[in-house]
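Novice: The structure that follows is given in the form of structure tokens.
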Amino acid sequence: MKFAQILVPVAMAVLAVSSTSAMAVDADAAAALFKKNDCSKCHSVDKAKKGPALKKVAANYKGKADAQASIIKAITTGPKVKLDDGSQEDHKVIDTKDQAALKNIADWILAQ
Ligand code: HEC
């Protein structure tokens with residue numbers, strides 16, 4: 001096992017964490033909004049439920065410039081999504097239109 005194979009991803013993870021924390025995500029507010037909207041019924045931070053783990057969502061969007069906007073779109077426009085059992089339904093629409101709160105929860109998801 002080469003040291004660099006371990007060190008590079010670790011260094012990248014540290015960088016990612018420090019750059020997102022610089023954006024000052026209000027994690028408590030985001031988690032509370034997430035819970036209040038029953039998002040946790042289908043998502044958890046690191047385990048797939050009916051929907052993907054938030055860590056997986058964050059990984060999918062890693063390095064994408066439009067990540068925040070895409071997440072906000074996904075949780076405000078009710079797109080058709082595929083559940084893990086193969087059925088389809090409209091994604092839940094979050095109960096706020098407050099842009100600051102939406103950006104905060106999107107950044108929080110991306111920081112998982
Ligand atoms: C009934 C189950 C269910 C609930 C409730 C739910 N989701 Fe989802 N969510 C899904 C599924 C399934 C997907 C996967 C979509 C796909 O990959 O096609 C998804 C995808 C997502 C994504 C990724 C979108 C993308 O573009 O990759 C985000 C972010 C998300 N959900 C956030 C939320 C938030 C925030 C809430 C609460 C307001 C929520 N979800 C409530 C099932 C749910």
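Ligands are numbered from 1 in the order shown, residues from 1 within each chain, and chains are lettered A, B, ... in the order they appear in the structure tokens.
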Step by step, measure atom-to-atom distances between ligand 1 and each residue using only C-alpha atoms and all ligand atoms, keep those at most 8 Å, then write them as a PyMOL selection string.

Specialist: chain A and resi 33-35+37-43+50-52+54+57+60-61+70-75+80-84+88-89+91-95+105-106+109

Novice: Step one, run DSSP on the backbone; step two, keep only residues of chain A assigned to strand (DSSP E or B); then write them as a ChimeraX atom specification.

Specialist: /A:43,48,80-82,88-90

Novice: Atom CA of A:Lys49 and atom CA of A:Asp85, how far apart in Å?

Specialist: 10.3 Å

Novice: So how many Å separate atom CA of A:Thr76 and atom CA of A:Ala58, to one decimal?

Specialist: 17.6 Å

Novice: Need the shell around A:Val25: protein/DNA/RNA residues with any atom at most 10 Å away, counting only C-alpha atoms. Skip same-chain ones fewer than 4 positions apart. Format as a list of chain:residue names?

Specialist: A:Thr20, A:Ser21, A:Ala29, A:Ala30, A:Lys103, A:Asn104, A:Ile105, A:Ala106, A:Asp107, A:Trp108, A:Ile109, A:Ala111

Novice: Deliver the residues from the most recent selection as a file, using all heavy atoms, as a PDB file, in the first residue's frame.

Specialist:
ATOM      1  N   THR A  20     -15.493  24.155   3.405  1.00  0.00           N
ATOM      2  CA  THR A  20     -16.932  24.308   3.621  1.00  0.00           C
ATOM      3  C   THR A  20     -17.203  24.992   4.949  1.00  0.00           C
ATOM      4  O   THR A  20     -18.130  25.772   5.050  1.00  0.00           O
ATOM      5  CB  THR A  20     -17.681  22.958   3.567  1.00  0.00           C
ATOM      6  OG1 THR A  20     -16.962  22.012   4.333  1.00  0.00           O
ATOM      7  CG2 THR A  20     -17.852  22.473   2.153  1.00  0.00           C
ATOM      8  N   SER A  21     -16.383  24.710   5.947  1.00  0.00           N
ATOM      9  CA  SER A  21     -16.671  25.360   7.226  1.00  0.00           C
ATOM     10  C   SER A  21     -16.432  26.864   7.132  1.00  0.00           C
ATOM     11  O   SER A  21     -17.034  27.635   7.857  1.00  0.00           O
ATOM     12  CB  SER A  21     -15.840  24.745   8.352  1.00  0.00           C
ATOM     13  OG  SER A  21     -14.473  24.915   8.103  1.00  0.00           O
ATOM     14  N   ALA A  29     -29.481  24.621  12.333  1.00  0.00           N
ATOM     15  CA  ALA A  29     -30.678  25.078  11.627  1.00  0.00           C
ATOM     16  C   ALA A  29     -31.014  24.130  10.481  1.00  0.00           C
ATOM     17  O   ALA A  29     -32.178  23.775  10.266  1.00  0.00           O
ATOM     18  CB  ALA A  29     -30.469  26.495  11.102  1.00  0.00           C
ATOM     19  N   ALA A  30     -29.983  23.704   9.753  1.00  0.00           N
ATOM     20  CA  ALA A  30     -30.205  22.808   8.618  1.00  0.00           C
ATOM     21  C   ALA A  30     -30.761  21.472   9.090  1.00  0.00           C
ATOM     22  O   ALA A  30     -31.741  20.959   8.544  1.00  0.00           O
ATOM     23  CB  ALA A  30     -28.896  22.602   7.855  1.00  0.00           C
ATOM     24  N   LYS A 103     -30.322  27.780   0.939  1.00  0.00           N
ATOM     25  CA  LYS A 103     -28.878  27.722   0.668  1.00  0.00           C
ATOM     26  C   LYS A 103     -28.161  27.038   1.813  1.00  0.00           C
ATOM     27  O   LYS A 103     -27.246  26.240   1.603  1.00  0.00           O
ATOM     28  CB  LYS A 103     -28.317  29.135   0.480  1.00  0.00           C
ATOM     29  CG  LYS A 103     -28.665  29.698  -0.882  1.00  0.00           C
ATOM     30  CD  LYS A 103     -28.072  31.071  -1.088  1.00  0.00           C
ATOM     31  CE  LYS A 103     -28.457  31.576  -2.470  1.00  0.00           C
ATOM     32  NZ  LYS A 103     -28.242  33.007  -2.613  1.00  0.00           N
ATOM     33  N   ASN A 104     -28.602  27.347   3.023  1.00  0.00           N
ATOM     34  CA  ASN A 104     -27.951  26.753   4.193  1.00  0.00           C
ATOM     35  C   ASN A 104     -28.120  25.234   4.215  1.00  0.00           C
ATOM     36  O   ASN A 104     -27.152  24.504   4.435  1.00  0.00           O
ATOM     37  CB  ASN A 104     -28.510  27.384   5.471  1.00  0.00           C
ATOM     38  CG  ASN A 104     -27.758  26.903   6.704  1.00  0.00           C
ATOM     39  OD1 ASN A 104     -26.547  27.070   6.816  1.00  0.00           O
ATOM     40  ND2 ASN A 104     -28.466  26.272   7.614  1.00  0.00           N
ATOM     41  N   ILE A 105     -29.335  24.761   3.938  1.00  0.00           N
ATOM     42  CA  ILE A 105     -29.532  23.306   3.997  1.00  0.00           C
ATOM     43  C   ILE A 105     -28.808  22.630   2.829  1.00  0.00           C
ATOM     44  O   ILE A 105     -28.256  21.542   2.972  1.00  0.00           O
ATOM     45  CB  ILE A 105     -31.037  22.904   4.074  1.00  0.00           C
ATOM     46  CG1 ILE A 105     -31.161  21.448   4.524  1.00  0.00           C
ATOM     47  CG2 ILE A 105     -31.770  23.135   2.773  1.00  0.00           C
ATOM     48  CD1 ILE A 105     -32.576  21.010   4.865  1.00  0.00           C
ATOM     49  N   ALA A 106     -28.753  23.299   1.679  1.00  0.00           N
ATOM     50  CA  ALA A 106     -28.016  22.730   0.537  1.00  0.00           C
ATOM     51  C   ALA A 106     -26.528  22.623   0.876  1.00  0.00           C
ATOM     52  O   ALA A 106     -25.897  21.586   0.635  1.00  0.00           O
ATOM     53  CB  ALA A 106     -28.223  23.592  -0.713  1.00  0.00           C
ATOM     54  N   ASP A 107     -25.984  23.669   1.451  1.00  0.00           N
ATOM     55  CA  ASP A 107     -24.562  23.639   1.821  1.00  0.00           C
ATOM     56  C   ASP A 107     -24.290  22.584   2.891  1.00  0.00           C
ATOM     57  O   ASP A 107     -23.257  21.931   2.892  1.00  0.00           O
ATOM     58  CB  ASP A 107     -24.114  25.014   2.336  1.00  0.00           C
ATOM     59  CG  ASP A 107     -23.952  26.007   1.198  1.00  0.00           C
ATOM     60  OD1 ASP A 107     -23.906  25.580   0.026  1.00  0.00           O
ATOM     61  OD2 ASP A 107     -23.874  27.215   1.472  1.00  0.00           O
ATOM     62  N   TRP A 108     -25.250  22.442   3.790  1.00  0.00           N
ATOM     63  CA  TRP A 108     -25.108  21.442   4.860  1.00  0.00           C
ATOM     64  C   TRP A 108     -25.083  20.035   4.253  1.00  0.00           C
ATOM     65  O   TRP A 108     -24.239  19.205   4.618  1.00  0.00           O
ATOM     66  CB  TRP A 108     -26.271  21.605   5.841  1.00  0.00           C
ATOM     67  CG  TRP A 108     -26.319  20.576   6.933  1.00  0.00           C
ATOM     68  CD1 TRP A 108     -25.485  20.493   8.015  1.00  0.00           C
ATOM     69  CD2 TRP A 108     -27.246  19.490   7.048  1.00  0.00           C
ATOM     70  NE1 TRP A 108     -25.846  19.410   8.795  1.00  0.00           N
ATOM     71  CE2 TRP A 108     -26.917  18.791   8.228  1.00  0.00           C
ATOM     72  CE3 TRP A 108     -28.331  19.060   6.273  1.00  0.00           C
ATOM     73  CZ2 TRP A 108     -27.636  17.668   8.655  1.00  0.00           C
ATOM     74  CZ3 TRP A 108     -29.036  17.944   6.696  1.00  0.00           C
ATOM     75  CH2 TRP A 108     -28.690  17.263   7.877  1.00  0.00           C
ATOM     76  N   ILE A 109     -25.989  19.781   3.313  1.00  0.00           N
ATOM     77  CA  ILE A 109     -26.002  18.466   2.653  1.00  0.00           C
ATOM     78  C   ILE A 109     -24.677  18.245   1.927  1.00  0.00           C
ATOM     79  O   ILE A 109     -24.066  17.187   2.034  1.00  0.00           O
ATOM     80  CB  ILE A 109     -27.194  18.365   1.675  1.00  0.00           C
ATOM     81  CG1 ILE A 109     -28.508  18.319   2.451  1.00  0.00           C
ATOM     82  CG2 ILE A 109     -27.054  17.145   0.761  1.00  0.00           C
ATOM     83  CD1 ILE A 109     -29.766  18.459   1.612  1.00  0.00           C
ATOM     84  N   ALA A 111     -21.894  19.377   2.613  1.00  0.00           N
ATOM     85  CA  ALA A 111     -20.761  19.281   3.528  1.00  0.00           C
ATOM     86  C   ALA A 111     -20.721  17.932   4.249  1.00  0.00           C
ATOM     87  O   ALA A 111     -19.835  17.697   5.073  1.00  0.00           O
ATOM     88  CB  ALA A 111     -20.827  20.423   4.547  1.00  0.00           C
TER      89      ALA A 111
END

Novice: Nearest residue to A:Asp26 out of A:Ala101, A:Ala48, A:Ala67, A:Ala59, using only C-alpha atoms?

Specialist: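 The shortest atom-to-atom distance to A:Asp26 comes from A:Ala101.
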
Novice: Please determine, counting only C-alpha atoms, which residue among A:Asp28, A:Asp90, A:Gln99, A:Lys36 has the shortest atom-to-atom distance to A:Gln68.

Specialist: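 Smallest distance to A:Gln68 is found for A:Gln99.
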
Novice: Using DSSP assignments from the backbone, pull out every residue in stretch 2-107 of chain A that falls under helix (DSSP H, G or I) and give it to me as a ChimeraX atom specification.

Specialist: /A:3-21,27-36,39-41,54-61,67-76,99-107

Novice: May I ask for the distance between atom CA of A:Thr96 and atom CA of A:Ala65, given in Å to one decimal place?

Specialist: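 So the answer is 23.5 Å.
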